[in-house]
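*Asks:* Just so it is clear, I am handing over query.pdb, which has PDB, C-alpha atoms.
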MODEL        1
ATOM      1  CA  MET A   1     -56.719 105.048-103.913
ATOM      2  CA  SER A   2     -54.899 106.530-106.885
ATOM      3  CA  LYS A   3     -56.056 105.278-110.283
ATOM      4  CA  LYS A   4     -53.781 104.568-113.193
ATOM      5  CA  ILE A   5     -54.938 105.656-116.641
ATOM      6  CA  LEU A   6     -53.282 104.631-119.916
ATOM      7  CA  THR A   7     -53.821 106.793-122.998
ATOM      8  CA  ILE A   8     -52.789 105.181-126.297
ATOM      9  CA  ASP A   9     -52.749 107.751-129.067
ATOM     10  CA  ASP A  10     -50.177 108.672-131.711
ATOM     11  CA  SER A  11     -50.863 112.347-131.054
ATOM     12  CA  LYS A  12     -48.909 113.881-128.210
ATOM     13  CA  MET A  13     -51.525 116.626-128.189
ATOM     14  CA  VAL A  14     -54.302 114.165-127.344
ATOM     15  CA  ARG A  15     -52.173 112.486-124.678
ATOM     16  CA  MET A  16     -51.510 115.877-123.123
ATOM     17  CA  ILE A  17     -55.192 116.861-123.225
ATOM     18  CA  VAL A  18     -56.076 113.603-121.439
ATOM     19  CA  THR A  19     -53.341 114.247-118.869
ATOM     20  CA  SER A  20     -54.478 117.803-118.144
ATOM     21  CA  THR A  21     -58.144 116.707-117.977
ATOM     22  CA  PHE A  22     -57.381 114.397-115.067
ATOM     23  CA  LEU A  23     -55.066 116.813-113.218
ATOM     24  CA  PRO A  24     -57.671 117.600-110.528
ATOM     25  CA  TYR A  25     -58.064 113.880-109.760
ATOM     26  CA  ASP A  26     -55.965 111.385-107.866
ATOM     27  CA  CYS A  27     -54.658 109.673-110.998
ATOM     28  CA  LEU A  28     -51.422 108.686-112.596
ATOM     29  CA  ILE A  29     -51.482 109.028-116.385
ATOM     30  CA  VAL A  30     -49.218 106.891-118.540
ATOM     31  CA  GLY A  31     -49.037 107.167-122.312
ATOM     32  CA  ALA A  32     -48.111 105.214-125.420
ATOM     33  CA  ALA A  33     -47.725 106.512-128.975
ATOM     34  CA  ASP A  34     -48.959 103.451-130.856
ATOM     35  CA  GLY A  35     -50.810 100.225-130.281
ATOM     36  CA  ALA A  36     -47.778  97.966-129.946
ATOM     37  CA  GLU A  37     -46.231 100.233-127.319
ATOM     38  CA  GLY A  38     -49.657 100.515-125.697
ATOM     39  CA  VAL A  39     -49.941  96.750-125.160
ATOM     40  CA  GLU A  40     -46.425  96.700-123.660
ATOM     41  CA  VAL A  41     -47.214  99.581-121.312
ATOM     42  CA  ALA A  42     -50.530  97.985-120.325
ATOM     43  CA  LEU A  43     -48.787  94.707-119.444
ATOM     44  CA  LYS A  44     -46.200  96.558-117.365
ATOM     45  CA  GLU A  45     -48.417  99.132-115.664
ATOM     46  CA  LYS A  46     -51.756  97.256-115.355
ATOM     47  CA  PRO A  47     -53.839 100.440-115.638
ATOM     48  CA  ASP A  48     -57.358 100.765-114.251
ATOM     49  CA  ILE A  49     -58.683 102.076-117.572
ATOM     50  CA  ILE A  50     -57.350 102.538-121.110
ATOM     51  CA  PHE A  51     -58.248 105.287-123.592
ATOM     52  CA  LEU A  52     -57.547 104.011-127.085
ATOM     53  CA  ASP A  53     -57.364 105.787-130.446
ATOM     54  CA  ILE A  54     -58.222 103.862-133.635
ATOM     55  CA  THR A  55     -56.160 105.354-136.482
ATOM     56  CA  MET A  56     -52.542 104.859-135.440
ATOM     57  CA  PRO A  57     -49.322 103.711-137.079
ATOM     58  CA  VAL A  58     -47.694 100.338-136.283
ATOM     59  CA  LEU A  59     -50.837  98.761-134.752
ATOM     60  CA  ASN A  60     -54.272 100.335-135.119
ATOM     61  CA  GLY A  61     -56.732 100.627-132.251
ATOM     62  CA  ILE A  62     -58.939  97.709-133.243
ATOM     63  CA  ASP A  63     -55.959  95.326-133.512
ATOM     64  CA  THR A  64     -54.589  96.739-130.256
ATOM     65  CA  LEU A  65     -57.895  96.058-128.535
ATOM     66  CA  ALA A  66     -57.863  92.496-129.862
ATOM     67  CA  LYS A  67     -54.359  91.999-128.404
ATOM     68  CA  ILE A  68     -55.424  93.402-125.056
ATOM     69  CA  ARG A  69     -58.438  91.098-124.934
ATOM     70  CA  ALA A  70     -56.232  88.141-125.877
ATOM     71  CA  SER A  71     -53.737  88.818-123.050
ATOM     72  CA  PRO A  72     -55.121  87.261-119.855
ATOM     73  CA  GLU A  73     -53.221  89.664-117.568
ATOM     74  CA  ILE A  74     -54.890  92.739-119.043
ATOM     75  CA  ALA A  75     -57.949  91.318-120.798
ATOM     76  CA  ALA A  76     -60.393  92.597-118.195
ATOM     77  CA  ILE A  77     -59.201  96.222-118.160
ATOM     78  CA  PRO A  78     -61.980  98.583-119.277
ATOM     79  CA  VAL A  79     -61.184 100.227-122.623
ATOM     80  CA  VAL A  80     -62.753 103.424-123.924
ATOM     81  CA  MET A  81     -62.319 104.236-127.604
ATOM     82  CA  LEU A  82     -61.304 107.867-128.018
ATOM     83  CA  THR A  83     -61.450 108.342-131.729
ATOM     84  CA  ALA A  84     -62.181 110.614-134.661
ATOM     85  CA  GLU A  85     -63.895 107.653-136.357
ATOM     86  CA  SER A  86     -67.206 107.365-134.552
ATOM     87  CA  ASP A  87     -69.181 105.525-137.216
ATOM     88  CA  GLY A  88     -71.121 102.312-136.826
ATOM     89  CA  GLN A  89     -68.589 100.209-138.763
ATOM     90  CA  ARG A  90     -65.662 100.956-136.454
ATOM     91  CA  LEU A  91     -67.708 101.016-133.287
ATOM     92  CA  GLY A  92     -69.320  97.707-134.251
ATOM     93  CA  MET A  93     -65.865  96.106-134.517
ATOM     94  CA  ALA A  94     -64.917  97.566-131.158
ATOM     95  CA  ASP A  95     -68.209  96.405-129.603
ATOM     96  CA  GLN A  96     -67.390  92.817-130.467
ATOM     97  CA  LEU A  97     -64.212  93.248-128.417
ATOM     98  CA  LYS A  98     -66.176  94.499-125.399
ATOM     99  CA  VAL A  99     -65.392  98.187-125.079
ATOM    100  CA  SER A 100     -66.701 100.137-122.120
ATOM    101  CA  GLY A 101     -67.548 103.245-124.112
ATOM    102  CA  TYR A 102     -66.736 105.637-126.915
ATOM    103  CA  ILE A 103     -65.855 109.278-127.068
ATOM    104  CA  ALA A 104     -65.731 110.972-130.446
ATOM    105  CA  LYS A 105     -63.000 113.510-131.164
ATOM    106  CA  PRO A 106     -63.202 116.434-130.809
ATOM    107  CA  PHE A 107     -64.211 115.986-127.178
ATOM    108  CA  LYS A 108     -64.629 118.086-124.068
ATOM    109  CA  GLY A 109     -62.768 117.201-120.885
ATOM    110  CA  GLU A 110     -66.091 116.957-119.043
ATOM    111  CA  GLN A 111     -67.203 114.128-121.363
ATOM    112  CA  LEU A 112     -64.054 112.194-120.557
ATOM    113  CA  ILE A 113     -64.490 112.657-116.809
ATOM    114  CA  ALA A 114     -68.196 111.792-116.876
ATOM    115  CA  LEU A 115     -67.649 108.544-118.769
ATOM    116  CA  THR A 116     -64.632 107.583-116.656
ATOM    117  CA  LYS A 117     -66.632 108.061-113.443
ATOM    118  CA  LYS A 118     -69.206 105.609-114.760
ATOM    119  CA  ILE A 119     -66.499 102.983-115.153
ATOM    120  CA  ILE A 120     -64.052 103.544-112.271
ATOM    121  CA  PRO A 121     -64.281 105.659-109.115
ATOM    122  CA  LEU A 122     -62.340 108.918-109.267
ATOM    123  CA  ALA A 123     -61.306 110.836-106.174
ATOM    124  CA  PRO A 124     -60.085 114.430-106.048
ATOM    125  CA  LYS A 125     -56.339 114.847-105.818
ATOM    126  CA  PRO A 126     -55.331 115.070-102.151
ATOM    127  CA  PRO A 127     -53.893 118.435-101.110
ATOM    128  CA  GLU A 128     -50.108 118.760-101.248
ATOM    129  CA  PRO A 129     -48.580 118.298 -97.774
ATOM    130  CA  LYS A 130     -47.556 121.643 -96.303
ATOM    131  CA  LYS A 131     -43.815 122.225 -96.151
ATOM    132  CA  PRO A 132     -42.504 122.663 -92.605
TER     133      PRO A 132
ATOM    134  CA  MET B   1     -66.756  98.562-155.423
ATOM    135  CA  ASN B   2     -65.942 102.266-155.600
ATOM    136  CA  HIS B   3     -68.780 104.347-154.205
ATOM    137  CA  SER B   4     -67.107 107.754-154.582
ATOM    138  CA  SER B   5     -69.591 108.659-157.288
ATOM    139  CA  GLU B   6     -72.468 108.198-154.811
ATOM    140  CA  ILE B   7     -71.140 111.009-152.647
ATOM    141  CA  CYS B   8     -71.099 114.492-154.090
ATOM    142  CA  ILE B   9     -68.461 117.124-153.431
ATOM    143  CA  GLU B  10     -71.169 119.423-152.048
ATOM    144  CA  SER B  11     -71.938 116.944-149.240
ATOM    145  CA  VAL B  12     -68.256 116.520-148.477
ATOM    146  CA  THR B  13     -67.850 120.309-148.402
ATOM    147  CA  GLU B  14     -70.747 120.659-145.961
ATOM    148  CA  TRP B  15     -69.359 117.904-143.692
ATOM    149  CA  LEU B  16     -65.869 119.413-143.783
ATOM    150  CA  THR B  17     -67.215 122.866-142.947
ATOM    151  CA  GLN B  18     -69.081 121.507-139.929
ATOM    152  CA  ALA B  19     -66.047 119.501-138.839
ATOM    153  CA  VAL B  20     -63.582 122.422-139.087
ATOM    154  CA  GLN B  21     -65.914 124.505-136.920
ATOM    155  CA  ASP B  22     -66.410 121.705-134.358
ATOM    156  CA  VAL B  23     -62.717 120.891-134.059
ATOM    157  CA  SER B  24     -61.602 124.534-133.882
ATOM    158  CA  GLU B  25     -64.145 125.435-131.244
ATOM    159  CA  THR B  26     -64.107 122.274-129.120
ATOM    160  CA  THR B  27     -60.409 121.478-129.027
ATOM    161  CA  PHE B  28     -58.811 124.887-129.547
ATOM    162  CA  SER B  29     -61.529 127.315-128.373
ATOM    163  CA  GLN B  30     -61.098 129.182-131.663
ATOM    164  CA  ALA B  31     -64.110 130.440-133.598
ATOM    165  CA  ALA B  32     -64.087 129.194-137.188
ATOM    166  CA  TYR B  33     -66.232 130.179-140.159
ATOM    167  CA  PRO B  34     -65.956 130.000-143.944
ATOM    168  CA  ALA B  35     -64.237 132.944-145.612
ATOM    169  CA  ARG B  36     -66.310 134.963-148.055
ATOM    170  CA  PRO B  37     -65.188 134.769-151.695
ATOM    171  CA  LEU B  38     -63.541 138.201-151.573
ATOM    172  CA  GLU B  39     -61.562 137.212-148.484
ATOM    173  CA  LYS B  40     -60.083 134.105-150.066
ATOM    174  CA  SER B  41     -56.599 135.537-150.309
ATOM    175  CA  VAL B  42     -53.815 133.599-151.939
ATOM    176  CA  GLU B  43     -51.620 131.831-149.402
ATOM    177  CA  SER B  44     -48.208 133.234-148.701
ATOM    178  CA  GLY B  45     -45.289 132.593-146.381
ATOM    179  CA  GLU B  46     -44.301 129.422-144.573
ATOM    180  CA  VAL B  47     -47.003 126.776-144.291
ATOM    181  CA  LEU B  48     -47.571 123.285-142.918
ATOM    182  CA  VAL B  49     -49.709 121.044-145.073
ATOM    183  CA  ALA B  50     -51.411 118.074-143.401
ATOM    184  CA  CYS B  51     -52.412 115.502-146.031
ATOM    185  CA  ILE B  52     -54.882 112.785-145.108
ATOM    186  CA  GLY B  53     -57.171 110.464-146.991
ATOM    187  CA  ILE B  54     -59.970 107.966-146.947
ATOM    188  CA  ARG B  55     -59.389 104.647-148.683
ATOM    189  CA  GLY B  56     -61.658 101.772-149.564
ATOM    190  CA  ASP B  57     -64.962 102.000-151.391
ATOM    191  CA  CYS B  58     -64.710 105.796-151.219
ATOM    192  CA  GLN B  59     -61.523 107.623-152.216
ATOM    193  CA  LEU B  60     -61.016 111.062-150.741
ATOM    194  CA  GLU B  61     -57.928 113.172-150.091
ATOM    195  CA  VAL B  62     -57.774 116.403-148.148
ATOM    196  CA  ALA B  63     -54.790 118.742-147.806
ATOM    197  CA  LEU B  64     -55.105 121.263-144.983
ATOM    198  CA  HIS B  65     -52.770 124.253-145.366
ATOM    199  CA  PHE B  66     -51.908 125.906-142.041
ATOM    200  CA  PRO B  67     -49.932 129.153-142.084
ATOM    201  CA  GLN B  68     -47.028 128.608-139.689
ATOM    202  CA  LEU B  69     -48.335 131.282-137.328
ATOM    203  CA  LEU B  70     -51.774 129.624-137.101
ATOM    204  CA  ALA B  71     -50.278 126.160-136.586
ATOM    205  CA  GLY B  72     -48.017 127.527-133.846
ATOM    206  CA  ARG B  73     -50.930 129.236-132.123
ATOM    207  CA  LEU B  74     -53.064 126.079-132.203
ATOM    208  CA  ALA B  75     -50.155 124.039-130.847
ATOM    209  CA  SER B  76     -49.496 126.571-128.113
ATOM    210  CA  LEU B  77     -53.159 126.510-127.067
ATOM    211  CA  SER B  78     -53.591 122.763-127.059
ATOM    212  CA  LEU B  79     -50.238 121.865-125.504
ATOM    213  CA  GLU B  80     -50.471 124.779-123.043
ATOM    214  CA  MET B  81     -46.934 125.871-123.868
ATOM    215  CA  PRO B  82     -45.479 129.198-124.986
ATOM    216  CA  ALA B  83     -44.954 129.279-128.775
ATOM    217  CA  ALA B  84     -41.220 129.835-128.258
ATOM    218  CA  GLU B  85     -40.887 126.466-126.511
ATOM    219  CA  LEU B  86     -42.559 124.441-129.266
ATOM    220  CA  ASP B  87     -40.488 122.407-131.684
ATOM    221  CA  GLU B  88     -41.461 121.446-135.237
ATOM    222  CA  LYS B  89     -42.486 117.934-134.206
ATOM    223  CA  MET B  90     -45.009 119.266-131.693
ATOM    224  CA  VAL B  91     -46.516 121.699-134.196
ATOM    225  CA  ASP B  92     -46.675 118.995-136.899
ATOM    226  CA  ASP B  93     -48.427 116.700-134.416
ATOM    227  CA  VAL B  94     -51.120 119.288-133.708
ATOM    228  CA  ALA B  95     -51.680 120.009-137.420
ATOM    229  CA  GLY B  96     -51.891 116.266-138.060
ATOM    230  CA  GLU B  97     -54.372 115.689-135.231
ATOM    231  CA  PHE B  98     -56.499 118.644-136.375
ATOM    232  CA  SER B  99     -56.696 117.041-139.827
ATOM    233  CA  ASN B 100     -57.365 113.623-138.301
ATOM    234  CA  MET B 101     -60.341 114.947-136.353
ATOM    235  CA  VAL B 102     -61.738 116.912-139.315
ATOM    236  CA  VAL B 103     -61.483 114.083-141.826
ATOM    237  CA  GLY B 104     -62.517 111.541-139.197
ATOM    238  CA  ALA B 105     -65.853 113.328-138.904
ATOM    239  CA  VAL B 106     -66.297 113.125-142.683
ATOM    240  CA  LYS B 107     -65.264 109.470-142.703
ATOM    241  CA  SER B 108     -67.916 108.750-140.077
ATOM    242  CA  ARG B 109     -70.591 110.367-142.279
ATOM    243  CA  ILE B 110     -69.466 108.281-145.260
ATOM    244  CA  SER B 111     -69.397 105.068-143.205
ATOM    245  CA  ASP B 112     -72.890 105.813-141.945
ATOM    246  CA  LEU B 113     -73.987 105.479-145.593
ATOM    247  CA  GLU B 114     -72.725 101.869-145.339
ATOM    248  CA  ILE B 115     -69.759 102.573-147.579
ATOM    249  CA  VAL B 116     -66.780 100.575-146.323
ATOM    250  CA  CYS B 117     -63.723 102.771-145.918
ATOM    251  CA  ALA B 118     -60.798 103.556-143.607
ATOM    252  CA  MET B 119     -58.821 106.652-142.823
ATOM    253  CA  THR B 120     -55.086 107.031-143.391
ATOM    254  CA  VAL B 121     -52.581 108.404-140.908
ATOM    255  CA  PRO B 122     -51.915 112.115-141.643
ATOM    256  CA  ARG B 123     -48.659 113.170-143.322
ATOM    257  CA  VAL B 124     -47.405 116.665-142.634
ATOM    258  CA  VAL B 125     -45.066 118.524-145.000
ATOM    259  CA  ARG B 126     -43.605 122.025-144.702
ATOM    260  CA  GLY B 127     -42.604 124.655-147.199
ATOM    261  CA  THR B 128     -43.229 128.069-148.674
ATOM    262  CA  ALA B 129     -46.726 128.603-150.070
ATOM    263  CA  GLY B 130     -46.960 128.618-153.838
ATOM    264  CA  THR B 131     -43.479 127.260-154.497
ATOM    265  CA  PRO B 132     -42.889 124.268-156.805
ATOM    266  CA  ASP B 133     -41.042 122.594-153.929
ATOM    267  CA  LEU B 134     -44.126 122.581-151.701
ATOM    268  CA  VAL B 135     -46.423 121.535-154.557
ATOM    269  CA  GLN B 136     -44.097 118.568-155.156
ATOM    270  CA  LYS B 137     -44.028 117.606-151.471
ATOM    271  CA  VAL B 138     -47.842 117.704-151.258
ATOM    272  CA  LYS B 139     -48.146 115.630-154.450
ATOM    273  CA  ALA B 140     -45.731 113.061-153.035
ATOM    274  CA  ALA B 141     -47.640 112.888-149.726
ATOM    275  CA  LEU B 142     -50.956 112.452-151.527
ATOM    276  CA  ALA B 143     -49.427 109.762-153.749
ATOM    277  CA  VAL B 144     -48.425 107.789-150.641
ATOM    278  CA  ILE B 145     -51.941 108.228-149.256
ATOM    279  CA  ARG B 146     -53.505 106.990-152.509
ATOM    280  CA  GLY B 147     -51.137 104.032-152.503
ATOM    281  CA  SER B 148     -52.291 101.225-154.726
ATOM    282  CA  ALA B 149     -55.252 103.316-155.922
ATOM    283  CA  GLY B 150     -52.707 105.112-158.143
ATOM    284  CA  PRO B 151     -52.880 108.665-159.521
ATOM    285  CA  ARG B 152     -56.254 110.342-159.830
ATOM    286  CA  ASP B 153     -58.044 110.541-163.132
ATOM    287  CA  PRO B 154     -58.910 114.266-163.325
ATOM    288  CA  ALA B 155     -61.875 113.552-165.588
ATOM    289  CA  ALA B 156     -63.442 111.259-162.999
ATOM    290  CA  SER B 157     -62.633 113.374-159.941
ATOM    291  CA  ALA B 158     -64.149 116.359-158.222
ATOM    292  CA  PHE B 159     -62.000 119.076-156.644
ATOM    293  CA  ASN B 160     -62.840 121.897-154.307
ATOM    294  CA  GLN B 161     -60.952 124.527-152.381
ATOM    295  CA  LEU B 162     -62.248 125.882-149.088
ATOM    296  CA  VAL B 163     -60.964 128.685-146.900
ATOM    297  CA  PHE B 164     -61.841 129.232-143.243
ATOM    298  CA  HIS B 165     -61.089 131.872-140.689
ATOM    299  CA  VAL B 166     -59.732 130.004-137.670
ATOM    300  CA  GLY B 167     -59.062 132.426-134.852
ATOM    301  CA  GLU B 168     -56.943 135.108-136.488
ATOM    302  CA  GLY B 169     -55.589 132.880-139.264
ATOM    303  CA  LEU B 170     -56.792 131.516-142.587
ATOM    304  CA  LEU B 171     -56.921 127.761-143.106
ATOM    305  CA  HIS B 172     -56.984 126.571-146.740
ATOM    306  CA  LEU B 173     -58.329 123.123-147.630
ATOM    307  CA  GLU B 174     -57.940 121.302-150.934
ATOM    308  CA  VAL B 175     -60.382 118.435-151.374
ATOM    309  CA  GLN B 176     -60.191 115.695-153.996
ATOM    310  CA  LEU B 177     -63.038 113.201-154.313
TER     311      LEU B 177
ENDMDL
END
Could you show the structure in this file as structure tokens?

*Replies:*
Amino acid sequence: MSKKILTIDDSKMVRMIVTSTFLPYDCLIVGAADGAEGVEVALKEKPDIIFLDITMPVLNGIDTLAKIRASPEIAAIPVVMLTAESDGQRLGMADQLKVSGYIAKPFKGEQLIALTKKIIPLAPKPPEPKKP
Amino acid sequence: MNHSSEICIESVTEWLTQAVQDVSETTFSQAAYPARPLEKSVESGEVLVACIGIRGDCQLEVALHFPQLLAGRLASLSLEMPAAELDEKMVDDVAGEFSNMVVGAVKSRISDLEIVCAMTVPRVVRGTAGTPDLVQKVKAALAVIRGSAGPRDPAASAFNQLVFHVGEGLLHLEVQL
């Protein structure tokens, strides 16, 4: 069954890297450019997993995570912090809000896939149906 | 309490050097290494400058100067698009994210010393290298980043300039601690 992945990052580049990383898998990637938009998209799309940046305009990643955890409809969605700030202070704050993992930027696509597979099952993308 | 004095510019330089190499190689598959003193040419032509800072008990600002050609190449590689199809916003985004990852690595090292600090969102400005117009734009961007900390006291600050080969381009960094 296709999985839905939400990437919340103010950088289009990072959102595109996440999208291309999961291209071989049966996934639908949705994106949001800041935390406030990310919460809205999460409520609408109910993704299976969220990748969340920390340093963002409008609503930073820690505050976004707090909002997600405070919204019953999406509170249980696994969240992985995908961030350039991989120090104990930030990760400690995120830990209190029950994150499923961290990936420090810069990251390799393989790291993202490996961690995701530990959290949700990923299946290869089914072959395109042949045109008659 | 301001702990900037507990961190020396040499440590910051070492962390930045490591971070530029990591980011260039991991995200953009571009080899990066410090330029030798004789190679540190003066910048010229059109550049993008990504300004970013660390606020809190440590005050640090970094301005990363990307020649337009280098910024375009990095954007083309990371967005998997031909350079001709990129617009300014896309290239600015890549320069900003490059700076975010580089300074984020330094911020993590500072935080690991139990110094409470946070990183700002990058601000990207464009102009012609060496012109008063660009100098003014960079000053204005850094002033926004410093915010309530106000202008730097040159007597109490440390400055450094670093130059790296990134792929076929030269990346200049100005660091203020």

*Asks:* Since I can't run it myself right now, could you work out what the ChimeraX specification (/A :<10) & /B selects here and report it as a ChimeraX atom specification?

*Replies:* /B:19,22-28,75,78-80,89-122

*Asks:* For stretch 118-131 of chain A, list every protein, DNA or RNA residue within 8 Å, evaluated using all atoms listed in the file, and leave out those in the same chain fewer than 3 positions away; present the list as an MDAnalysis selection string.

*Replies:* chainID A and resid 1:3 23:27 48:49 78 100 114:115

*Asks:* Quick check, in Å to one decimal: how far apart do atom CA of A:Ala66 and atom CA of A:Ala36 lie?

*Replies:*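 Pair atom CA of A:Ala66 / atom CA of A:Ala36 returns 11.5 Å.
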
*Asks:* In Å to one decimal, how far is atom CA of B:Met81 from atom CA of B:Leu64?

*Replies:*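 Going from atom CA of B:Leu64 over to atom CA of B:Met81 covers 23.1 Å.
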
*Asks:* Do a neighbour search on B:Ala141 at 12 Å with all atoms listed in the file, toss out local chain neighbours closer than 5 positions, and write the hits as a tab-separated table (two decimals) with C-alpha atoms, keeping the file's coordinate frame.

*Replies:*
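Result file out.tsv:
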chain	number	residue	atom	x	y	z
B	49	VAL	CA	-49.71	121.04	-145.07
B	50	ALA	CA	-51.41	118.07	-143.40
B	51	CYS	CA	-52.41	115.50	-146.03
B	52	ILE	CA	-54.88	112.78	-145.11
B	53	GLY	CA	-57.17	110.46	-146.99
B	61	GLU	CA	-57.93	113.17	-150.09
B	62	VAL	CA	-57.77	116.40	-148.15
B	63	ALA	CA	-54.79	118.74	-147.81
B	120	THR	CA	-55.09	107.03	-143.39
B	121	VAL	CA	-52.58	108.40	-140.91
B	122	PRO	CA	-51.92	112.12	-141.64
B	123	ARG	CA	-48.66	113.17	-143.32
B	124	VAL	CA	-47.40	116.66	-142.63
B	125	VAL	CA	-45.07	118.52	-145.00
B	126	ARG	CA	-43.60	122.02	-144.70
B	134	LEU	CA	-44.13	122.58	-151.70
B	135	VAL	CA	-46.42	121.54	-154.56
B	136	GLN	CA	-44.10	118.57	-155.16
B	146	ARG	CA	-53.50	106.99	-152.51
B	147	GLY	CA	-51.14	104.03	-152.50
B	151	PRO	CA	-52.88	108.66	-159.52
